[in-house]
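*Asks:* Here's a structure for you.
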Amino acid sequence: MSDHTPAAKTRGDRKAAVGNVGRPPVGWAVPGIVFFVVFAIVPLGIAVYLSFCDWDGLNSPTMTGLDNWTRLFKDSEFGQAAWLSLLLTTISWVFQTPVALLLGVWAAGRQRSRAVLSAIFFIPLLLSTTAIAMLFRALLDPNFGVIKSIGPWIGVDPNVMGSSTGALLVVAFVGGWQFMPFHTLIYQGGARQIPDVLYQAAAIDGAGMVRQFFHITLPQLRHTMTTSSVLMIVGSLTYFDTVLIMTRGGPGTDTTILPYLMYRTGFQTYDLGYAAAIATALVIVATGISLLMVRLTGFGSMRSTREGM
Amino acid sequence: MRSGIFSQGTRTTRWAATAAAMAMTGLLAGCGSGDGGSDGGTLTAYVYGDDAVKVQQAAVDSFNKTSDVKIKLVPVPGTDYVNKLRSAMGSPNAPDIFYNWGAGSIKPYVDAGQVADLTSAVNDDATLKDGFIPSIMTAGGLDGKIYGVPMRGMQPVMLFYNKSLFAQHKLEPPTTWEDLQKAITTFKDAGITPFALGGAEKWPELMWMEYLLDRIGGPEVFRKIQDGDTDGWGDPAVLKTAQTVKELIDDGAFGKNFNSVDYASGAAPTLLSKGKAAMHLMGSWEYSTQLGKAPEFAEKDLGWTTFPTVAGGVGDAANIVGNPTNYWSVNSRTKHKDAAIEFLKAMASETYAQDLVDNGDVPTTSNAASMLSGSPNPQFATDQYQMVEKAPSFTLSWDQALESKYATPLLTEISKLFAGKTSPEQFVEAMKAAK
């Protein structure tokens, strides 16, 4: 829209408008910036500050220098949690991406009953995480849940929540089940943007459905995939509620991923300084990974997927 | 065209700045407005928000009728209680009176000088001094001082069992370790899980540790730890306790899938009521849980007894673990301490005890014994009261007796032990190392 704005119309002797062709004055950003600073930047700064302190939440924080950070690197529990977080993130990505991609591309088409099915697929995203976690908890109860009757048929031990691998896979599955519709939606939007001419040209050249998918759809969805992957990875790294409700980090500590470890340290042990260090480490890692992905995929420079068209 | 709107330069800028300034002022005001609230002759009292709140509300209402200083009762939903209290106590909006579990649960507040020492207030006042079962009054204190007044029912941990299953297999509820072993073997052979255990949560596992350690080494072992000596975990009785847990698990006493059995969703109690498990070690609230979920079973088939002795152990079989009761403590910074203490005296009154009894609780007041016949479940209430009254020692649940900085790692280690992730020896080492 703003592309069409003739520069001449914004001319004026008022300073605020000069040099801001087609853009609102800075004033408009103030409310947003104020809220962002008060509710995001300041707390983040405080968390970083607290990571250098010892604080129980009652007395005033005392500076302890790098104590929390050196402890972080020696703490085997943190190491385990970091590893589990990484594992969960990988499993989530591998599980969600192909399904969401295929569903999204399918949903972008014009088939019969597509709209109805898309609406049904979307339902998990509308439910609250707590409700979903409690629902699955009940379904997976080894004595009274559905898993007891159908587990043996599909080769799943009804005690799946009691085993370390089982519990982690369940957490990944429930998260995937919940957020797949969201990524499907992203891919659907991406696939809708692909110009029909590409497919028409390919069809003339004799390319079938599969070839069209691999040679047109996939390359055209490169940026969409980056967007979805960054959201997925950051989401998995900060995944918390399902673990809290479904496994409480157990059995033992085998699903204690970083955010849950942070919660336990901060709000059950009340070692808020160390919890702040864990949180800060998490922020650094998540930001690092997102930046790296954006850089590696060329997403940052926003090179168009339609160059030369 | 959007540019038309936005090019109105100064006016919009000024408007935006004003809006931002207003938002900012609002925020700042929001941050500071807490100070004014607690004044004007009002005492704020935090209470754990569950069904029993109506009993406290009645006490508050009748207190407010005669007193100049009014009390405002704030029920905090159960799961949020600990966190909410913690954040409130660190802020200017701290409650004047607050519900707690005594001992370790209030230690951080006591250390921070936030809890009023009630020792002399209690000792100088006959109502408070003689109003409660003495072991309950002391269980909530710290270092011999009194910081809280009992205000709810007692919650000892008891061994519940399915009477018809025991009759069917011609067994008596176990009183010795030998009986227990025999019961385990018999039920296992019959395809019944000997003990229901909600191992997806950590605290039901903790109950086993508490009773086993008490029976093996006596209450002194944990008392030492509670008093701040982490070396106490090195006591041989602790290792023996952890080993016994492992033996029970390996023996199949809790079945194969206890690690994924929930308590809160009702899975563990249902195992007992449906006859899939024969026994369940649980707090006395199990009775009302069963009454709610399986009334017929609770009235006919639910039995209860004390935890059996352990072979070679020195602990008295009459000792009890669990939550003696809950307490009201008073904030040391309150402006109306006398009024607060006046309110606490109502906790020893007959009316209050009667309200608790009517609610299905067993009060910890000394006058309660005679009222229990009027309880909705007189037999259970009387047995429970006598069990506690006769107990030489009442050990407070470890997760409440210890400060959260020790209690949380303890629960994690117990969960690892029960999940078979660590050996009994590793458990002991981890606990000794917890700082």
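Residues are named by chain letter and number: chains run A, B, ... in the order of the structure tokens, numbers start at 1 in each chain, and ligands are numbered from 1 in the order shown.
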Chain A residues within 6 Å of chain B, counting only C-alpha atoms: which ones, as an NGL selection string?

*Replies:* :A and (16 or 22 or 24 or 27-28 or 31 or 58 or 159 or 161-162 or 251-252 or 269)

*Asks:* Using only C-alpha atoms, determine which residues lie at most 10 Å from Ser51 (chain A), disregarding the query and same-chain residues fewer than 5 positions distant; provide the list as JSON, numbers by chain.

*Replies:* {"A": [45, 46, 63, 64, 65, 66, 67, 68, 69, 272, 273, 274, 275, 276, 277, 278, 279, 280, 281]}

*Asks:* Restricting the output to N, CA and C atoms, write the selected residues as a PDB file, in the first residue's frame.

*Replies:*
ATOM      1  N   GLY A  45      16.909  -7.399  32.016  1.00  0.00           N
ATOM      2  CA  GLY A  45      18.084  -6.819  32.659  1.00  0.00           C
ATOM      3  C   GLY A  45      18.184  -7.253  34.111  1.00  0.00           C
ATOM      4  N   ILE A  46      17.056  -7.254  34.804  1.00  0.00           N
ATOM      5  CA  ILE A  46      17.058  -7.658  36.214  1.00  0.00           C
ATOM      6  C   ILE A  46      17.461  -9.126  36.337  1.00  0.00           C
ATOM      7  N   MET A  63      25.426  -9.737  46.020  1.00  0.00           N
ATOM      8  CA  MET A  63      26.278 -10.036  44.869  1.00  0.00           C
ATOM      9  C   MET A  63      27.229 -11.171  45.197  1.00  0.00           C
ATOM     10  N   THR A  64      27.307 -12.144  44.295  1.00  0.00           N
ATOM     11  CA  THR A  64      28.250 -13.232  44.514  1.00  0.00           C
ATOM     12  C   THR A  64      29.160 -13.396  43.306  1.00  0.00           C
ATOM     13  N   GLY A  65      29.197 -12.381  42.458  1.00  0.00           N
ATOM     14  CA  GLY A  65      30.076 -12.439  41.291  1.00  0.00           C
ATOM     15  C   GLY A  65      29.696 -13.567  40.353  1.00  0.00           C
ATOM     16  N   LEU A  66      30.698 -14.336  39.959  1.00  0.00           N
ATOM     17  CA  LEU A  66      30.463 -15.357  38.931  1.00  0.00           C
ATOM     18  C   LEU A  66      30.064 -16.718  39.510  1.00  0.00           C
ATOM     19  N   ASP A  67      29.786 -16.765  40.811  1.00  0.00           N
ATOM     20  CA  ASP A  67      29.491 -18.047  41.468  1.00  0.00           C
ATOM     21  C   ASP A  67      28.456 -18.883  40.737  1.00  0.00           C
ATOM     22  N   ASN A  68      27.311 -18.243  40.418  1.00  0.00           N
ATOM     23  CA  ASN A  68      26.234 -18.983  39.750  1.00  0.00           C
ATOM     24  C   ASN A  68      26.680 -19.522  38.412  1.00  0.00           C
ATOM     25  N   TRP A  69      27.489 -18.728  37.723  1.00  0.00           N
ATOM     26  CA  TRP A  69      27.899 -19.124  36.371  1.00  0.00           C
ATOM     27  C   TRP A  69      28.919 -20.249  36.400  1.00  0.00           C
ATOM     28  N   LEU A 272      16.816 -18.140  43.618  1.00  0.00           N
ATOM     29  CA  LEU A 272      16.443 -17.327  42.461  1.00  0.00           C
ATOM     30  C   LEU A 272      17.644 -16.830  41.669  1.00  0.00           C
ATOM     31  N   GLY A 273      18.778 -16.680  42.334  1.00  0.00           N
ATOM     32  CA  GLY A 273      19.979 -16.245  41.632  1.00  0.00           C
ATOM     33  C   GLY A 273      20.407 -17.276  40.602  1.00  0.00           C
ATOM     34  N   TYR A 274      20.495 -18.534  41.055  1.00  0.00           N
ATOM     35  CA  TYR A 274      20.923 -19.597  40.155  1.00  0.00           C
ATOM     36  C   TYR A 274      19.888 -19.809  39.058  1.00  0.00           C
ATOM     37  N   ALA A 275      18.599 -19.705  39.429  1.00  0.00           N
ATOM     38  CA  ALA A 275      17.538 -19.854  38.428  1.00  0.00           C
ATOM     39  C   ALA A 275      17.674 -18.769  37.362  1.00  0.00           C
ATOM     40  N   ALA A 276      18.044 -17.557  37.791  1.00  0.00           N
ATOM     41  CA  ALA A 276      18.225 -16.463  36.835  1.00  0.00           C
ATOM     42  C   ALA A 276      19.384 -16.775  35.889  1.00  0.00           C
ATOM     43  N   ALA A 277      20.427 -17.421  36.426  1.00  0.00           N
ATOM     44  CA  ALA A 277      21.552 -17.796  35.568  1.00  0.00           C
ATOM     45  C   ALA A 277      21.101 -18.813  34.521  1.00  0.00           C
ATOM     46  N   ILE A 278      20.292 -19.797  34.943  1.00  0.00           N
ATOM     47  CA  ILE A 278      19.783 -20.788  33.991  1.00  0.00           C
ATOM     48  C   ILE A 278      18.938 -20.090  32.925  1.00  0.00           C
ATOM     49  N   ALA A 279      18.074 -19.173  33.382  1.00  0.00           N
ATOM     50  CA  ALA A 279      17.202 -18.463  32.447  1.00  0.00           C
ATOM     51  C   ALA A 279      18.014 -17.648  31.455  1.00  0.00           C
ATOM     52  N   THR A 280      19.033 -16.966  31.960  1.00  0.00           N
ATOM     53  CA  THR A 280      19.863 -16.149  31.082  1.00  0.00           C
ATOM     54  C   THR A 280      20.577 -17.022  30.059  1.00  0.00           C
ATOM     55  N   ALA A 281      21.098 -18.155  30.527  1.00  0.00           N
ATOM     56  CA  ALA A 281      21.767 -19.076  29.605  1.00  0.00           C
ATOM     57  C   ALA A 281      20.797 -19.517  28.510  1.00  0.00           C
TER      58      ALA A 281
END

*Asks:* Which of region 18-220 of chain A end up as helix (DSSP H, G or I) when DSSP is run on this backbone - answer as number ranges by chain?

*Replies:* A: 26-50, 67-74, 76-107, 114-126, 129-139, 146-150, 152-154, 160-162, 164-193, 196-204, 209-220

*Asks:* Please, could you write that set of residues out with C-alpha atoms as a short mmCIF file (atom, residue, chain, number, x, y, z; two decimals), in the first residue's frame?

*Replies:*
data_model
loop_
_atom_site.label_atom_id
_atom_site.label_comp_id
_atom_site.auth_asym_id
_atom_site.auth_seq_id
_atom_site.Cartn_x
_atom_site.Cartn_y
_atom_site.Cartn_z
CA VAL A 26 8.46 8.25 16.07
CA GLY A 27 5.80 9.31 18.54
CA TRP A 28 3.61 6.43 17.49
CA ALA A 29 6.17 3.92 18.61
CA VAL A 30 6.36 5.33 22.13
CA PRO A 31 3.52 3.34 23.76
CA GLY A 32 4.85 0.13 22.25
CA ILE A 33 8.39 0.90 23.24
CA VAL A 34 7.36 1.85 26.77
CA PHE A 35 5.54 -1.43 27.25
CA PHE A 36 8.34 -3.41 25.67
CA VAL A 37 10.95 -1.73 27.86
CA VAL A 38 8.93 -2.02 31.08
CA PHE A 39 7.77 -5.58 30.59
CA ALA A 40 10.57 -7.14 28.54
CA ILE A 41 13.86 -5.24 28.60
CA VAL A 42 13.83 -4.21 32.26
CA PRO A 43 12.90 -7.69 33.59
CA LEU A 44 15.50 -9.23 31.29
CA GLY A 45 18.08 -6.82 32.66
CA ILE A 46 17.06 -7.66 36.21
CA ALA A 47 17.30 -11.38 35.46
CA VAL A 48 20.82 -10.92 34.13
CA TYR A 49 21.71 -8.88 37.22
CA LEU A 50 20.21 -11.54 39.51
CA ASP A 67 29.49 -18.05 41.47
CA ASN A 68 26.23 -18.98 39.75
CA TRP A 69 27.90 -19.12 36.37
CA THR A 70 30.80 -21.33 37.44
CA ARG A 71 28.30 -23.58 39.21
CA LEU A 72 26.28 -23.74 36.00
CA PHE A 73 29.16 -25.25 34.07
CA LYS A 74 29.96 -27.78 36.79
CA SER A 76 25.67 -32.22 36.08
CA GLU A 77 21.95 -31.60 36.41
CA PHE A 78 22.23 -28.53 34.20
CA GLY A 79 24.22 -30.56 31.69
CA GLN A 80 21.56 -33.25 31.65
CA ALA A 81 18.80 -30.65 31.31
CA ALA A 82 20.60 -28.94 28.43
CA TRP A 83 21.05 -32.26 26.68
CA LEU A 84 17.38 -33.17 27.20
CA SER A 85 16.29 -29.77 25.89
CA LEU A 86 18.40 -30.27 22.80
CA LEU A 87 17.01 -33.76 22.32
CA LEU A 88 13.44 -32.59 22.77
CA THR A 89 13.98 -29.74 20.30
CA THR A 90 15.41 -32.08 17.69
CA ILE A 91 12.67 -34.66 18.13
CA SER A 92 10.01 -31.94 17.94
CA TRP A 93 11.46 -30.50 14.76
CA VAL A 94 11.86 -33.87 13.04
CA PHE A 95 8.35 -34.87 14.08
CA GLN A 96 6.51 -31.64 13.32
CA THR A 97 8.14 -30.24 10.20
CA PRO A 98 7.33 -32.97 7.65
CA VAL A 99 3.76 -33.39 8.84
CA ALA A 100 3.07 -29.65 9.05
CA LEU A 101 4.69 -29.09 5.65
CA LEU A 102 2.63 -31.74 3.90
CA LEU A 103 -0.58 -30.76 5.63
CA GLY A 104 0.06 -27.09 4.90
CA VAL A 105 0.75 -27.66 1.21
CA TRP A 106 -2.32 -29.87 1.00
CA ALA A 107 -4.45 -27.29 2.78
CA ARG A 114 -10.47 -29.11 2.43
CA ALA A 115 -11.92 -26.27 4.47
CA VAL A 116 -13.78 -28.60 6.83
CA LEU A 117 -10.76 -30.84 7.42
CA SER A 118 -8.47 -27.82 7.88
CA ALA A 119 -10.81 -26.50 10.54
CA ILE A 120 -10.73 -29.86 12.33
CA PHE A 121 -6.93 -30.03 12.18
CA PHE A 122 -6.84 -26.61 13.74
CA ILE A 123 -8.68 -27.58 16.92
CA PRO A 124 -5.69 -28.64 19.08
CA LEU A 125 -4.27 -25.15 18.83
CA LEU A 126 -7.43 -23.70 20.33
CA THR A 129 -2.03 -26.34 27.11
CA THR A 130 -3.11 -27.29 30.61
CA ALA A 131 -6.24 -28.98 29.34
CA ILE A 132 -4.26 -30.88 26.71
CA ALA A 133 -1.66 -32.03 29.22
CA MET A 134 -4.29 -33.22 31.68
CA LEU A 135 -6.21 -34.95 28.90
CA PHE A 136 -3.15 -36.90 27.79
CA ARG A 137 -2.24 -37.65 31.38
CA ALA A 138 -5.62 -39.30 31.78
CA LEU A 139 -5.39 -41.13 28.44
CA VAL A 146 -7.06 -45.87 26.99
CA ILE A 147 -3.40 -46.81 26.71
CA LYS A 148 -4.10 -49.87 28.84
CA SER A 149 -6.44 -51.32 26.25
CA ILE A 150 -4.95 -50.05 23.00
CA PRO A 152 -0.56 -53.60 23.53
CA TRP A 153 -2.24 -53.49 20.10
CA ILE A 154 -0.04 -50.71 18.79
CA VAL A 160 5.04 -45.39 28.78
CA MET A 161 5.04 -42.41 31.18
CA GLY A 162 7.09 -44.44 33.63
CA SER A 164 12.60 -42.37 30.54
CA THR A 165 12.50 -42.49 26.75
CA GLY A 166 8.75 -43.00 26.76
CA ALA A 167 8.11 -39.92 28.88
CA LEU A 168 10.31 -37.70 26.72
CA LEU A 169 8.68 -38.96 23.53
CA VAL A 170 5.24 -38.39 25.01
CA VAL A 171 6.17 -34.80 25.88
CA ALA A 172 7.46 -34.25 22.34
CA PHE A 173 4.35 -35.86 20.88
CA VAL A 174 1.89 -33.83 22.93
CA GLY A 175 3.72 -30.61 22.09
CA GLY A 176 3.78 -31.57 18.43
CA TRP A 177 0.12 -32.50 18.44
CA GLN A 178 -0.72 -29.13 19.89
CA PHE A 179 1.46 -26.87 17.74
CA MET A 180 1.40 -28.67 14.41
CA PRO A 181 -1.77 -26.81 13.31
CA PHE A 182 0.03 -23.54 13.84
CA HIS A 183 2.93 -24.56 11.61
CA THR A 184 0.48 -26.05 9.12
CA LEU A 185 -1.08 -22.62 8.93
CA ILE A 186 2.29 -20.99 8.27
CA TYR A 187 3.05 -23.46 5.48
CA GLN A 188 -0.42 -23.06 4.06
CA GLY A 189 0.10 -19.32 3.84
CA GLY A 190 3.52 -19.85 2.29
CA ALA A 191 2.24 -22.34 -0.27
CA ARG A 192 -0.62 -20.04 -1.27
CA GLN A 193 1.93 -17.37 -2.18
CA ASP A 196 0.41 -20.66 -10.23
CA VAL A 197 2.45 -19.95 -13.36
CA LEU A 198 5.32 -21.97 -11.92
CA TYR A 199 3.15 -25.05 -11.66
CA GLN A 200 1.61 -24.43 -15.04
CA ALA A 201 5.04 -24.15 -16.65
CA ALA A 202 6.19 -27.29 -14.88
CA ALA A 203 3.09 -29.15 -15.99
CA ILE A 204 3.80 -28.18 -19.60
CA MET A 209 2.99 -33.96 -8.60
CA VAL A 210 6.07 -35.28 -6.82
CA ARG A 211 8.54 -33.44 -9.03
CA GLN A 212 6.52 -30.25 -8.71
CA PHE A 213 6.62 -30.60 -4.96
CA PHE A 214 10.38 -31.10 -4.78
CA HIS A 215 11.33 -28.62 -7.47
CA ILE A 216 8.83 -25.83 -6.95
CA THR A 217 7.02 -26.05 -3.64
CA LEU A 218 10.00 -26.91 -1.43
CA PRO A 219 12.44 -24.30 -2.80
CA GLN A 220 9.70 -21.68 -2.78
#

*Asks:* Among region 15-219 of chain A, which ones does DSSP assign to strand (DSSP E or B) (computed from the backbone)? Answer as a ChimeraX atom specification.

*Replies:* /A:53-54,62-63

*Asks:* List the spatial neighbours of Val234 (chain A) as a short mmCIF file (atom, residue, chain, number, x, y, z; two decimals) with C-alpha atoms, in the first residue's frame - criterion: any atom at most 9 Å away, only C-alpha atoms, same-chain residues fewer than 4 positions off excluded.

*Replies:*
data_model
loop_
_atom_site.label_atom_id
_atom_site.label_comp_id
_atom_site.auth_asym_id
_atom_site.auth_seq_id
_atom_site.Cartn_x
_atom_site.Cartn_y
_atom_site.Cartn_z
CA THR A 89 13.98 -29.74 20.30
CA SER A 229 11.70 -23.75 12.31
CA VAL A 230 12.85 -20.75 14.34
CA THR A 238 11.21 -22.77 26.28
CA TYR A 239 8.68 -25.61 26.51
CA ALA A 286 17.80 -19.56 22.05
CA THR A 287 18.82 -16.19 20.61
CA ILE A 289 20.33 -20.54 17.57
CA SER A 290 17.73 -18.26 15.97
#
